[in-house]
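A.B. asks: Input file: query_28.txt. Contents: compact mmCIF, C-alpha atoms and all ligand atoms.
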# COMPACT_ATOMS: atom_id res chain seq x y z
CA MET A 188 -4.35 -16.37 -17.19
CA ARG A 189 -5.57 -18.22 -14.11
CA VAL A 190 -5.39 -16.69 -10.66
CA ALA A 191 -5.21 -18.08 -7.13
CA ILE A 192 -6.20 -15.80 -4.26
CA ILE A 193 -4.36 -16.42 -1.00
CA GLY A 194 -6.13 -14.86 1.99
CA CYS A 195 -9.84 -14.47 1.37
CA GLY A 196 -10.68 -11.52 3.61
CA THR A 197 -11.32 -7.88 2.67
CA MET A 198 -8.50 -7.54 0.14
CA GLY A 199 -8.87 -11.08 -1.20
CA HIS A 200 -12.48 -10.28 -2.18
CA LEU A 201 -11.49 -6.92 -3.69
CA HIS A 202 -8.57 -8.29 -5.73
CA ALA A 203 -10.58 -11.28 -6.96
CA SER A 204 -13.14 -8.87 -8.40
CA MET A 205 -10.43 -6.63 -9.93
CA ALA A 206 -8.64 -9.59 -11.53
CA ALA A 207 -11.94 -10.91 -12.85
CA SER A 208 -12.87 -7.55 -14.36
CA CYS A 209 -9.51 -7.63 -16.17
CA GLY A 210 -10.69 -10.85 -17.81
CA LEU A 211 -8.64 -13.23 -15.64
CA ARG A 212 -10.10 -16.46 -14.24
CA ILE A 213 -10.09 -17.03 -10.50
CA ILE A 214 -9.56 -20.78 -10.24
CA ALA A 215 -8.48 -21.32 -6.62
CA CYS A 216 -8.85 -19.66 -3.23
CA GLY A 217 -6.67 -20.47 -0.24
CA ASP A 218 -7.23 -19.31 3.32
CA LYS A 219 -6.30 -20.42 6.81
CA TYR A 220 -10.03 -21.06 7.23
CA LYS A 221 -11.72 -23.31 4.68
CA HIS A 222 -15.01 -21.51 5.24
CA SER A 223 -13.48 -18.13 4.20
CA ALA A 224 -11.91 -19.72 1.11
CA LYS A 225 -15.26 -21.30 0.21
CA VAL A 226 -17.26 -18.07 0.51
CA LEU A 227 -14.99 -16.41 -2.06
CA ALA A 228 -14.46 -19.47 -4.26
CA GLU A 229 -18.22 -19.96 -4.71
CA GLN A 230 -18.51 -16.55 -6.39
CA TYR A 231 -16.11 -17.67 -9.14
CA SER A 232 -16.78 -21.41 -9.28
CA ALA A 233 -13.23 -21.86 -8.04
CA ALA A 234 -11.68 -24.50 -5.79
CA ALA A 235 -11.36 -23.73 -2.06
CA SER A 236 -8.65 -24.93 0.28
CA ASP A 237 -7.20 -24.33 3.72
CA ASP A 238 -3.80 -25.43 2.39
CA SER A 239 -2.50 -22.27 0.70
CA MET A 240 0.87 -23.85 -0.13
CA ALA A 241 -0.93 -26.58 -2.13
CA VAL A 242 -2.98 -23.90 -3.94
CA ILE A 243 0.24 -22.07 -4.88
CA ALA A 244 1.82 -25.31 -6.15
CA ASP A 245 -1.20 -26.14 -8.38
CA PRO A 246 0.19 -26.33 -11.95
CA GLU A 247 -3.06 -24.78 -13.29
CA VAL A 248 -2.33 -21.51 -11.46
CA ASP A 249 -0.42 -18.79 -13.36
CA ILE A 250 -0.78 -15.84 -10.93
CA VAL A 251 -0.73 -15.91 -7.13
CA ALA A 252 -2.40 -12.93 -5.44
CA ILE A 253 -1.22 -12.68 -1.82
CA CYS A 254 -3.88 -11.00 0.32
CA SER A 255 -3.20 -12.63 3.68
CA PRO A 256 -1.86 -10.87 6.84
CA THR A 257 1.49 -9.12 6.37
CA PRO A 258 3.76 -11.60 8.24
CA THR A 259 2.67 -14.37 5.84
CA HIS A 260 3.52 -12.46 2.63
CA ALA A 261 7.18 -13.43 2.25
CA GLY A 262 6.64 -17.16 2.79
CA TYR A 263 3.91 -17.28 0.16
CA ALA A 264 5.86 -15.07 -2.26
CA ILE A 265 8.91 -17.36 -1.99
CA ALA A 266 6.77 -20.48 -2.51
CA ALA A 267 5.05 -18.87 -5.52
CA ALA A 268 8.41 -17.85 -7.03
CA GLU A 269 9.80 -21.34 -6.59
CA ALA A 270 6.67 -22.70 -8.31
CA GLY A 271 7.30 -20.31 -11.25
CA LYS A 272 4.18 -18.15 -10.76
CA SER A 273 3.73 -14.44 -11.34
CA ILE A 274 3.11 -12.75 -8.00
CA PHE A 275 0.78 -9.94 -6.98
CA CYS A 276 1.41 -9.11 -3.32
CA GLU A 277 -0.47 -6.68 -1.09
CA LYS A 278 1.47 -4.00 0.78
CA PRO A 279 3.33 -3.92 3.14
CA PHE A 280 5.62 -6.19 1.11
CA ALA A 281 6.62 -8.08 4.29
CA ARG A 282 6.96 -7.67 8.05
CA THR A 283 10.77 -7.24 7.98
CA VAL A 284 13.29 -5.90 5.49
CA GLN A 285 15.07 -9.28 5.47
CA GLN A 286 11.81 -10.99 4.45
CA CYS A 287 11.45 -8.47 1.60
CA ARG A 288 14.99 -9.23 0.43
CA ASP A 289 14.43 -12.99 0.64
CA ALA A 290 11.25 -12.72 -1.45
CA MET A 291 12.98 -10.49 -4.01
CA SER A 292 15.90 -12.84 -4.36
CA ALA A 293 13.58 -15.86 -4.78
CA ALA A 294 11.74 -14.01 -7.57
CA ARG A 295 14.99 -12.99 -9.22
CA LYS A 296 16.35 -16.54 -9.04
CA ALA A 297 13.16 -18.01 -10.49
CA LYS A 298 12.90 -15.16 -13.07
CA VAL A 299 9.28 -14.48 -12.14
CA LYS A 300 7.48 -11.14 -11.88
CA LEU A 301 6.89 -9.91 -8.32
CA PHE A 302 4.58 -6.91 -8.01
CA VAL A 303 3.79 -5.17 -4.70
CA ALA A 304 0.47 -3.37 -4.75
CA HIS A 305 1.21 0.18 -3.58
CA VAL A 306 -2.18 1.43 -4.69
CA VAL A 307 -1.71 5.10 -3.77
CA ARG A 308 0.57 5.38 -6.83
CA TYR A 309 -2.59 4.60 -8.85
CA PHE A 310 -4.93 7.10 -7.20
CA GLN A 311 -5.75 9.75 -9.76
CA GLU A 312 -5.67 12.53 -7.14
CA PHE A 313 -2.13 11.59 -6.13
CA GLU A 314 -1.11 11.32 -9.79
CA ALA A 315 -2.62 14.78 -10.38
CA MET A 316 -0.57 16.21 -7.51
CA ARG A 317 2.59 14.69 -8.98
CA ALA A 318 1.73 16.20 -12.36
CA GLN A 319 1.25 19.63 -10.76
CA LEU A 320 4.60 19.33 -9.02
CA ALA A 321 6.35 18.19 -12.20
CA ALA A 322 4.82 21.15 -14.06
CA GLY A 323 6.32 23.48 -11.44
CA LYS A 324 2.91 24.82 -10.36
CA VAL A 325 4.10 25.39 -6.77
CA GLY A 326 7.78 25.87 -7.48
CA LYS A 327 10.36 24.15 -5.33
CA PRO A 328 8.64 22.03 -2.68
CA GLY A 329 9.76 22.60 0.92
CA PHE A 330 7.17 21.07 3.24
CA VAL A 331 4.81 18.14 2.77
CA LYS A 332 2.05 16.90 5.05
CA LEU A 333 0.35 13.59 4.37
CA TYR A 334 -2.51 12.50 6.63
CA ARG A 335 -4.42 9.21 6.49
CA GLY A 336 -6.94 8.30 9.16
CA GLY A 337 -9.69 5.83 9.84
CA LEU A 338 -11.15 3.37 12.28
CA PHE A 339 -8.92 0.79 13.93
CA PRO A 340 -9.32 -2.19 11.57
CA MET A 341 -10.19 -5.57 12.98
CA GLY A 342 -9.16 -8.20 10.41
CA ALA A 343 -9.53 -11.94 10.77
CA ASP A 344 -8.85 -13.00 14.37
CA GLY A 345 -8.21 -9.30 15.13
CA TRP A 346 -4.71 -9.50 13.56
CA PHE A 347 -4.47 -5.72 12.98
CA ARG A 348 -4.79 -5.25 16.75
CA ASP A 349 -1.70 -7.36 17.37
CA TYR A 350 1.05 -4.76 16.87
CA GLU A 351 3.68 -7.47 16.40
CA GLU A 352 1.66 -8.89 13.51
CA SER A 353 0.50 -5.77 11.73
CA GLY A 354 3.10 -3.17 12.75
CA GLY A 355 0.15 -0.93 13.67
CA VAL A 356 -0.84 2.17 11.75
CA THR A 357 2.81 3.14 11.09
CA LEU A 358 3.67 0.06 9.07
CA ASP A 359 0.27 -0.92 7.78
CA SER A 360 -1.31 2.38 6.80
CA MET A 361 1.34 5.11 6.74
CA ILE A 362 3.36 2.94 4.36
CA HIS A 363 0.97 4.11 1.61
CA ASP A 364 2.11 7.71 2.08
CA ILE A 365 5.70 6.78 2.89
CA ASP A 366 6.00 5.02 -0.47
CA TRP A 367 4.36 7.94 -2.30
CA LEU A 368 6.68 10.36 -0.51
CA ARG A 369 9.76 8.51 -1.76
CA TYR A 370 8.19 8.07 -5.23
CA THR A 371 7.62 11.81 -5.49
CA PHE A 372 10.47 13.41 -3.50
CA GLY A 373 13.25 10.79 -3.58
CA ASP A 374 15.08 9.07 -0.74
CA ALA A 375 14.85 10.06 2.92
CA GLU A 376 17.82 10.89 5.12
CA ARG A 377 16.34 10.43 8.61
CA VAL A 378 13.10 10.12 10.52
CA PHE A 379 11.75 11.08 13.92
CA CYS A 380 8.48 9.51 14.97
CA GLN A 381 6.14 9.64 17.93
CA ALA A 382 3.37 7.11 18.25
CA LEU A 383 0.62 6.54 20.76
CA ARG A 384 -0.30 2.86 20.73
CA ARG A 385 -2.93 1.50 23.02
CA SER A 386 -4.70 -1.82 23.11
CA GLU A 387 -6.88 -1.43 26.21
CA PRO A 388 -9.58 -0.45 27.01
CA GLU A 389 -9.95 0.55 23.38
CA ALA A 390 -7.45 0.01 20.58
CA ILE A 391 -6.03 3.34 19.41
CA ASP A 392 -2.92 4.03 17.33
CA TYR A 393 -1.86 7.56 16.38
CA SER A 394 1.51 8.12 14.80
CA THR A 395 3.34 11.12 13.44
CA ALA A 396 6.64 10.73 11.59
CA THR A 397 8.79 13.57 10.30
CA PHE A 398 11.10 12.61 7.45
CA ARG A 399 13.96 14.77 6.25
CA MET A 400 14.41 13.94 2.59
CA LYS A 401 17.83 14.05 0.90
CA SER A 402 16.45 16.86 -1.28
CA GLY A 403 15.92 18.97 1.88
CA VAL A 404 12.13 18.55 1.81
CA ILE A 405 10.61 18.11 5.29
CA ALA A 406 7.69 15.69 5.28
CA LYS A 407 5.24 14.98 8.04
CA VAL A 408 3.37 11.72 7.65
CA ILE A 409 0.47 11.27 10.05
CA GLY A 410 -1.49 8.08 10.42
CA THR A 411 -4.31 7.35 12.76
CA TRP A 412 -6.49 4.43 13.63
CA ALA A 413 -8.19 6.58 16.21
CA GLN A 414 -10.98 8.13 14.13
CA PRO A 415 -14.40 7.44 15.58
CA GLY A 416 -15.69 6.74 12.09
CA GLY A 417 -15.07 7.06 8.38
CA PHE A 418 -11.82 7.45 6.52
CA ARG A 419 -10.03 10.59 5.43
CA VAL A 420 -6.91 11.49 3.49
CA GLU A 421 -5.43 14.95 3.54
CA THR A 422 -2.39 16.34 1.79
CA GLU A 423 -0.57 19.64 1.74
CA ILE A 424 2.50 20.35 -0.39
CA CYS A 425 4.01 23.75 0.11
CA GLY A 426 6.51 25.22 -2.34
CA ASP A 427 8.15 28.61 -2.84
CA LYS A 428 5.54 29.54 -5.48
CA GLY A 429 2.41 28.07 -3.96
CA MET A 430 0.67 25.23 -2.25
CA ILE A 431 -1.29 22.13 -3.27
CA GLN A 432 -3.99 20.92 -0.94
CA PHE A 433 -6.10 17.82 -1.15
CA ASN A 434 -8.74 16.62 1.25
CA SER A 435 -10.66 13.48 0.37
CA ASP A 436 -13.77 15.03 1.94
CA GLU A 437 -13.58 17.89 -0.54
CA THR A 438 -12.42 16.62 -3.94
CA PRO A 439 -11.15 17.74 -6.41
CA ILE A 440 -7.62 18.83 -5.50
CA PHE A 441 -7.02 22.49 -5.07
CA THR A 442 -3.90 24.49 -5.97
CA MET A 443 -3.31 28.05 -4.78
CA LYS A 444 -0.66 30.10 -6.47
CA ARG A 445 1.41 32.49 -4.39
CA THR A 446 1.11 35.88 -6.05
CA ALA A 447 3.17 39.03 -6.04
CA PRO A 448 1.71 41.87 -3.93
CA GLY A 449 -1.21 43.44 -5.75
CA GLU A 450 -1.88 40.48 -8.01
CA THR A 451 -5.14 38.66 -7.70
CA PRO A 452 -4.82 35.06 -6.51
CA SER A 453 -5.41 32.40 -9.12
CA THR A 454 -6.86 29.01 -8.43
CA ILE A 455 -6.28 25.92 -10.50
CA VAL A 456 -8.86 23.24 -10.09
CA PRO A 457 -7.90 20.26 -12.20
CA ALA A 458 -10.72 17.97 -13.17
CA SER A 459 -10.43 14.69 -11.34
CA PRO A 460 -12.91 12.25 -12.78
CA VAL A 461 -12.37 8.71 -11.57
CA PRO A 462 -13.24 6.47 -14.48
CA LYS A 463 -11.57 3.41 -12.97
CA SER A 464 -10.73 2.17 -9.50
CA PRO A 465 -7.03 2.56 -8.69
CA TYR A 466 -7.12 -1.12 -7.67
CA GLN A 467 -8.20 -1.94 -11.22
CA LEU A 468 -5.44 0.26 -12.65
CA GLU A 469 -2.80 -1.55 -10.62
CA TRP A 470 -4.07 -4.92 -11.89
CA GLU A 471 -4.00 -3.65 -15.48
CA GLU A 472 -0.41 -2.50 -15.09
CA PHE A 473 0.61 -5.76 -13.39
CA ILE A 474 -0.95 -7.85 -16.18
CA ALA A 475 0.72 -5.71 -18.84
CA TRP A 476 4.05 -6.35 -17.09
CA VAL A 477 3.39 -10.10 -16.97
CA ARG A 478 2.60 -9.98 -20.70
CA GLY A 479 5.78 -8.01 -21.31
CA THR A 480 4.12 -4.89 -22.70
CA ARG A 481 4.73 -2.42 -19.86
CA GLN A 482 6.94 -1.78 -16.84
CA PRO A 483 5.08 -1.14 -13.59
CA ARG A 484 5.54 2.19 -11.81
CA VAL A 485 6.37 0.37 -8.55
CA THR A 486 9.12 -2.20 -8.07
CA ALA A 487 9.77 -4.74 -5.32
CA ARG A 488 12.81 -2.67 -4.37
CA ASP A 489 10.56 0.40 -3.92
CA ALA A 490 8.30 -1.70 -1.68
CA THR A 491 11.32 -2.87 0.34
CA GLU A 492 12.44 0.74 0.83
CA ALA A 493 8.96 1.66 2.03
CA VAL A 494 9.10 -1.13 4.63
CA ARG A 495 12.58 0.04 5.68
CA MET A 496 11.35 3.63 6.14
CA ALA A 497 8.23 2.59 8.07
CA LEU A 498 10.23 0.28 10.36
CA ALA A 499 12.76 3.08 10.97
CA ALA A 500 9.83 5.29 12.02
CA LEU A 501 8.68 2.58 14.43
CA GLU A 502 12.20 2.26 15.83
CA SER A 503 12.30 6.02 16.38
CA ALA A 504 8.94 5.90 18.18
CA GLU A 505 10.26 3.14 20.44
CA THR A 506 13.65 4.71 21.24
CA GLY A 507 12.55 8.34 21.26
CA LYS A 508 15.49 9.16 18.98
CA PRO A 509 15.79 10.07 15.32
CA VAL A 510 16.84 7.19 13.05
CA LYS A 511 19.17 7.60 10.06
CA LEU A 512 18.14 5.93 6.85
N1 LIG B 601 -4.04 -1.72 -0.36
C1 LIG B 601 -4.96 -1.49 0.53
O1 LIG B 601 -5.73 -0.55 0.39
C2 LIG B 601 -5.10 -2.41 1.72
C3 LIG B 601 -6.20 -2.26 2.57
C4 LIG B 601 -6.35 -3.16 3.63
C5 LIG B 601 -5.39 -4.15 3.83
N2 LIG B 601 -4.31 -4.24 3.00
C6 LIG B 601 -3.31 -5.31 3.20
O2 LIG B 601 -3.83 -6.52 2.67
C7 LIG B 601 -3.46 -7.63 3.47
C8 LIG B 601 -4.73 -8.34 3.96
O3 LIG B 601 -5.51 -7.43 4.73
P1 LIG B 601 -7.10 -7.63 4.89
O4 LIG B 601 -7.63 -6.31 5.35
O5 LIG B 601 -7.69 -8.26 3.69
O6 LIG B 601 -7.14 -8.67 6.12
P2 LIG B 601 -8.34 -9.64 6.50
O7 LIG B 601 -8.08 -10.03 7.90
O8 LIG B 601 -9.64 -9.06 6.11
O9 LIG B 601 -8.09 -10.90 5.53
C9 LIG B 601 -6.99 -11.75 5.68
C10 LIG B 601 -7.43 -13.18 5.30
O10 LIG B 601 -6.27 -14.01 5.35
C11 LIG B 601 -6.61 -15.20 6.06
N3 LIG B 601 -5.40 -15.73 6.67
C12 LIG B 601 -4.88 -15.50 7.91
N4 LIG B 601 -3.72 -16.16 8.07
C13 LIG B 601 -3.51 -16.85 6.91
C14 LIG B 601 -2.50 -17.72 6.47
N5 LIG B 601 -1.45 -18.02 7.24
N6 LIG B 601 -2.61 -18.23 5.22
C15 LIG B 601 -3.68 -17.94 4.42
N7 LIG B 601 -4.66 -17.12 4.80
C16 LIG B 601 -4.58 -16.58 6.02
C17 LIG B 601 -7.65 -14.78 7.07
O11 LIG B 601 -8.42 -15.88 7.50
C18 LIG B 601 -8.46 -13.76 6.26
O12 LIG B 601 -9.50 -14.38 5.54
C19 LIG B 601 -2.60 -7.06 4.59
O13 LIG B 601 -1.24 -7.17 4.26
C20 LIG B 601 -3.00 -5.59 4.65
O14 LIG B 601 -1.97 -4.75 5.12
C21 LIG B 601 -4.17 -3.40 1.96
For the structure just supplied, provide its representation as structure tokens.
Ligand SMILES: NC(=O)c1ccc[n+]([C@@H]2O[C@H](COP(=O)([O-])OP(=O)(O)OC[C@H]3O[C@@H](n4cnc5c(N)ncnc54)[C@H](O)[C@@H]3O)[C@@H](O)[C@H]2O)c1

C.D. replies:
Amino acid sequence: MRVAIIGCGTMGHLHASMAASCGLRIIACGDKYKHSAKVLAEQYSAAASDDSMAVIADPEVDIVAICSPTPTHAGYAIAAAEAGKSIFCEKPFARTVQQCRDAMSAARKAKVKLFVAHVVRYFQEFEAMRAQLAAGKVGKPGFVKLYRGGLFPMGADGWFRDYEESGGVTLDSMIHDIDWLRYTFGDAERVFCQALRRSEPEAIDYSTATFRMKSGVIAKVIGTWAQPGGFRVETEICGDKGMIQFNSDETPIFTMKRTAPGETPSTIVPASPVPKSPYQLEWEEFIAWVRGTRQPRVTARDATEAVRMALAALESAETGKPVKL
């Protein structure tokens, strides 16, 4: 199968290498800037263009990988669907819920596969936490904390710093955890969010959203683009029989069992080798879906719900009021 990469920045480079290591051929690269398309295309002896719509329409292309800024996703997904291509789209699925729905309906109408790359579902540590929960290791979960923090990203032309474009840390980064939250604990009922967003003198975005899930679980999702350096993920899931903690600075994940008085505490430390990048795993699952051998663990509807939840959090931050979902 032959792949076109649309948007040849950070994720375009990453996904080109993942697709290539799955044995796919990168044949075309499209970017707003010809130079950016060329830099990537040269690595794969592919064609380069600053006309991404023409790249998508190329009859030689089987798969379109959308790695451009978020507000452009839906337009490219719709064009790819209408051209009959399989679609791999970076998260967030789109900038608005309506755009997500339009892209989904175009894919449905054209009967093409539309995959949204919610990579956290493919992180082995997060899969291990789900397995521990499913095995009842901490009993009934009550409180969840999901933290994700790093530097304020720049992006081409500084698009991440334009809150209207990127949706800031709440839409762009917290959506990873928001999707995983819904994947693991079901639908949310309401959200209250507070966010500090600053552009000058230095761009800083710090957001904290509390979701009440329909199951009764309370979940705090914290995202920051205010770290002076590095990148860190931290998780805590507290249940009536124990607690799971994960800190990306201190792998592997760590589970503490609540014990009866007098009992010695037991610690479960599951092995967490990482034989493959989660980005590679998501490509493998997407390709298997395209070939009709496997269903992916994430659907376009899941990705739409994640956008809806993240945008509700942003609305809450703006109005200062909780938002029902
Ligand atoms: N899954 C993850 O871990 C992860 C990480 C970072 C970013 N992302 C997502 O991936 C997408 C791309 O982010 P990035 O970090 O690679 O950004 P980036 O700025 O590094 O790259 C975007 C590229 O798209 C090009 N571009 C801009 N407008 C375009 C247009 N209209 N048509 C075609 N190309 C255009 C830019 O010139 C640039 O080369 C975003 O939706 C972002 O949220 C996902």

A.B. asks: Starting from the point (7.9, 18.0, 6.4), work out which residues of protein, DNA or RNA have an atom no more than 10 Å away when counting all atoms listed in the file; state them as a list of chain:residue names.

C.D. replies: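 Residues with an atom close enough to that point: A:Pro328, A:Gly329, A:Phe330, A:Val331, A:Lys332, A:Leu333, A:Ala396, A:Thr397, A:Phe398, A:Arg399, A:Met400, A:Gly403, A:Val404, A:Ile405, A:Ala406, A:Lys407, A:Val408, A:Glu423, A:Ile424, A:Cys425.
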
A.B. asks: Point out the residue among A:Gly323, A:Gly429, A:Pro279, A:Gly342 with the least atom-to-atom distance to A:Leu358, counting only C-alpha atoms.

C.D. replies: A:Pro279

A.B. asks: Could the residues of chain A that have an atom at most 9 Å from ligand LIG 601 (chain B) be listed as CSV, each with its closest atom pair and the distance in Å to one decimal, counting all atoms listed in the file and ordered by chain and ascending residue number?

C.D. replies:
residue,atom,partner,partner_atom,distance
A:Ile193,CA,B:LIG601,C15,5.7
A:Gly194,CA,B:LIG601,O10,3.5
A:Cys195,CA,B:LIG601,O12,4.2
A:Gly196,CA,B:LIG601,O9,3.3
A:Thr197,CA,B:LIG601,O5,3.8
A:Met198,CA,B:LIG601,O5,3.7
A:Gly199,CA,B:LIG601,O5,5.8
A:His200,CA,B:LIG601,O5,7.8
A:Leu201,CA,B:LIG601,O5,8.4
A:Gly217,CA,B:LIG601,C15,6.1
A:Asp218,CA,B:LIG601,N7,3.7
A:Lys219,CA,B:LIG601,N7,4.2
A:Tyr220,CA,B:LIG601,O11,5.4
A:Lys221,CA,B:LIG601,O11,8.6
A:His222,CA,B:LIG601,O11,9.0
A:Ser223,CA,B:LIG601,O12,5.6
A:Ala224,CA,B:LIG601,O12,7.3
A:Asp237,CA,B:LIG601,C15,7.3
A:Asp238,CA,B:LIG601,C15,7.8
A:Ser239,CA,B:LIG601,C15,5.8
A:Met240,CA,B:LIG601,N6,8.5
A:Ile253,CA,B:LIG601,C7,7.6
A:Cys254,CA,B:LIG601,C8,4.6
A:Ser255,CA,B:LIG601,O10,3.8
A:Pro256,CA,B:LIG601,C19,4.5
A:Thr257,CA,B:LIG601,O13,4.0
A:Pro258,CA,B:LIG601,O13,7.8
A:Thr259,CA,B:LIG601,N5,5.7
A:His260,CA,B:LIG601,O13,7.3
A:Tyr263,CA,B:LIG601,N6,8.3
A:Cys276,CA,B:LIG601,O13,8.3
A:Glu277,CA,B:LIG601,O2,5.0
A:Lys278,CA,B:LIG601,O13,5.4
A:Pro279,CA,B:LIG601,O14,5.7
A:Phe280,CA,B:LIG601,O13,7.6
A:Ala281,CA,B:LIG601,O13,7.9
A:Ala304,CA,B:LIG601,N1,6.5
A:His305,CA,B:LIG601,N1,6.4
A:Val306,CA,B:LIG601,N1,5.7
A:Val307,CA,B:LIG601,N1,8.0
A:Pro340,CA,B:LIG601,O4,7.6
A:Met341,CA,B:LIG601,O7,7.1
A:Gly342,CA,B:LIG601,O7,3.3
A:Ala343,CA,B:LIG601,O7,3.7
A:Asp344,CA,B:LIG601,O7,7.2
A:Gly345,CA,B:LIG601,O7,7.3
A:Trp346,CA,B:LIG601,O7,6.6
A:Phe347,CA,B:LIG601,O7,7.6
A:Ser353,CA,B:LIG601,O14,7.1
A:Leu358,CA,B:LIG601,O14,8.4
A:Asp359,CA,B:LIG601,O14,5.2
A:Ser360,CA,B:LIG601,O14,7.4
A:His363,CA,B:LIG601,N1,7.9
A:Tyr466,CA,B:LIG601,N1,8.0

A.B. asks: I'd like the neighbourhood of A:Ala297 as a VMD selection string, where a residue qualifies if any of its atoms comes within 10 Å (using only C-alpha atoms), though same-chain residues fewer than 2 positions away should be ignored.

C.D. replies: chain A and resid 265 267 to 272 291 to 295 299 to 300

A.B. asks: If I take atom CA of A:Arg419 and atom CA of A:Ala207, how far is one from the other in Å, to one decimal?

C.D. replies: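 Answer for the atom CA of A:Arg419 to atom CA of A:Ala207 separation: 28.3 Å.
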
A.B. asks: Find, counting only C-alpha atoms, the residue in A:Arg384, A:Lys327, A:Arg288, A:Arg478 that gets nearest to A:Ala504.

C.D. replies: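 With only C-alpha atoms as the atom set, the closest residue is A:Arg384.
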
A.B. asks: Quick one, how far is atom CA of A:Ser394 from atom CA of A:Ser435?

C.D. replies: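 Going from atom CA of A:Ser394 over to atom CA of A:Ser435 covers 19.6 Å.
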
A.B. asks: Suppose you want the space between atom CA of A:Asp436 and atom CA of A:Gln414; what is it in Å?

C.D. replies: 14.3 Å

A.B. asks: Could you check which of A:Asp289, A:Glu502, A:Glu389, A:Glu471 is closest to A:Ala413, using all atoms listed in the file?

C.D. replies: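 Checking each of A:Asp289, A:Glu502, A:Glu389, A:Glu471 against A:Ala413, counting all atoms listed in the file, the winner is A:Glu389.
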
A.B. asks: Would you mind telling me which residue in A:Arg484, A:Lys511, A:Phe313, A:Arg385 lies nearest to A:Gln432 when using all atoms listed in the file?

C.D. replies: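 Smallest separation from A:Gln432 among the options: A:Phe313.
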
A.B. asks: Nearest to A:Val477: which of A:Glu229, A:Ser236, A:Thr411, A:Ser273 is it, counting all atoms listed in the file?

C.D. replies: A:Ser273

A.B. asks: For A:Leu320, which residue out of A:Ala252, A:Phe372, A:Gly507, A:Thr480 is the nearest one, using only C-alpha atoms?

C.D. replies: A:Phe372

A.B. asks: If we count only C-alpha atoms and set the cut-off at 12 Å, which residues sit around A:Glu505, ignoring sequence neighbours fewer than 5 positions away in its own chain? Please answer as a compact mmCIF listing (two decimals) with C-alpha atoms, keeping the file's coordinate frame.

C.D. replies:
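Below is the file that was written, part-v3.txt:
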# COMPACT_ATOMS: atom_id res chain seq x y z
CA THR A 357 2.81 3.14 11.09
CA PHE A 379 11.75 11.08 13.92
CA CYS A 380 8.48 9.51 14.97
CA GLN A 381 6.14 9.64 17.93
CA ALA A 382 3.37 7.11 18.25
CA LEU A 383 0.62 6.54 20.76
CA ARG A 384 -0.30 2.86 20.73
CA SER A 394 1.51 8.12 14.80
CA LEU A 498 10.23 0.28 10.36
CA ALA A 499 12.76 3.08 10.97
CA ALA A 500 9.83 5.29 12.02
CA VAL A 510 16.84 7.19 13.05

A.B. asks: Can you sort out stretch 270-281 of chain A so it carries N, CA and C atoms, written as a PDB file, in the frame of the given file?

C.D. replies:
ATOM      1  N   ALA A 270       7.589 -21.944  -7.443  1.00  0.00           N
ATOM      2  CA  ALA A 270       6.670 -22.700  -8.310  1.00  0.00           C
ATOM      3  C   ALA A 270       6.543 -22.051  -9.692  1.00  0.00           C
ATOM      4  N   GLY A 271       7.279 -20.947  -9.913  1.00  0.00           N
ATOM      5  CA  GLY A 271       7.300 -20.310 -11.250  1.00  0.00           C
ATOM      6  C   GLY A 271       6.096 -19.440 -11.560  1.00  0.00           C
ATOM      7  N   LYS A 272       5.390 -18.966 -10.519  1.00  0.00           N
ATOM      8  CA  LYS A 272       4.180 -18.150 -10.760  1.00  0.00           C
ATOM      9  C   LYS A 272       4.504 -16.660 -10.779  1.00  0.00           C
ATOM     10  N   SER A 273       3.682 -15.891 -11.463  1.00  0.00           N
ATOM     11  CA  SER A 273       3.730 -14.440 -11.340  1.00  0.00           C
ATOM     12  C   SER A 273       3.052 -14.081 -10.019  1.00  0.00           C
ATOM     13  N   ILE A 274       3.596 -13.049  -9.361  1.00  0.00           N
ATOM     14  CA  ILE A 274       3.110 -12.750  -8.000  1.00  0.00           C
ATOM     15  C   ILE A 274       2.588 -11.325  -7.888  1.00  0.00           C
ATOM     16  N   PHE A 275       1.382 -11.221  -7.333  1.00  0.00           N
ATOM     17  CA  PHE A 275       0.780  -9.940  -6.980  1.00  0.00           C
ATOM     18  C   PHE A 275       0.672  -9.958  -5.467  1.00  0.00           C
ATOM     19  N   CYS A 276       1.373  -9.064  -4.785  1.00  0.00           N
ATOM     20  CA  CYS A 276       1.410  -9.110  -3.320  1.00  0.00           C
ATOM     21  C   CYS A 276       0.904  -7.798  -2.737  1.00  0.00           C
ATOM     22  N   GLU A 277       0.011  -7.902  -1.752  1.00  0.00           N
ATOM     23  CA  GLU A 277      -0.470  -6.680  -1.090  1.00  0.00           C
ATOM     24  C   GLU A 277       0.684  -6.004  -0.335  1.00  0.00           C
ATOM     25  N   LYS A 278       0.542  -4.713  -0.079  1.00  0.00           N
ATOM     26  CA  LYS A 278       1.470  -4.000   0.780  1.00  0.00           C
ATOM     27  C   LYS A 278       1.081  -4.253   2.231  1.00  0.00           C
ATOM     28  N   PRO A 279       1.887  -4.042   3.233  1.00  0.00           N
ATOM     29  CA  PRO A 279       3.330  -3.920   3.140  1.00  0.00           C
ATOM     30  C   PRO A 279       3.927  -5.216   2.553  1.00  0.00           C
ATOM     31  N   PHE A 280       4.997  -5.058   1.777  1.00  0.00           N
ATOM     32  CA  PHE A 280       5.620  -6.190   1.110  1.00  0.00           C
ATOM     33  C   PHE A 280       5.833  -7.341   2.113  1.00  0.00           C
ATOM     34  N   ALA A 281       6.394  -7.041   3.281  1.00  0.00           N
ATOM     35  CA  ALA A 281       6.620  -8.080   4.290  1.00  0.00           C
ATOM     36  C   ALA A 281       6.737  -7.405   5.653  1.00  0.00           C
TER      37      ALA A 281
END
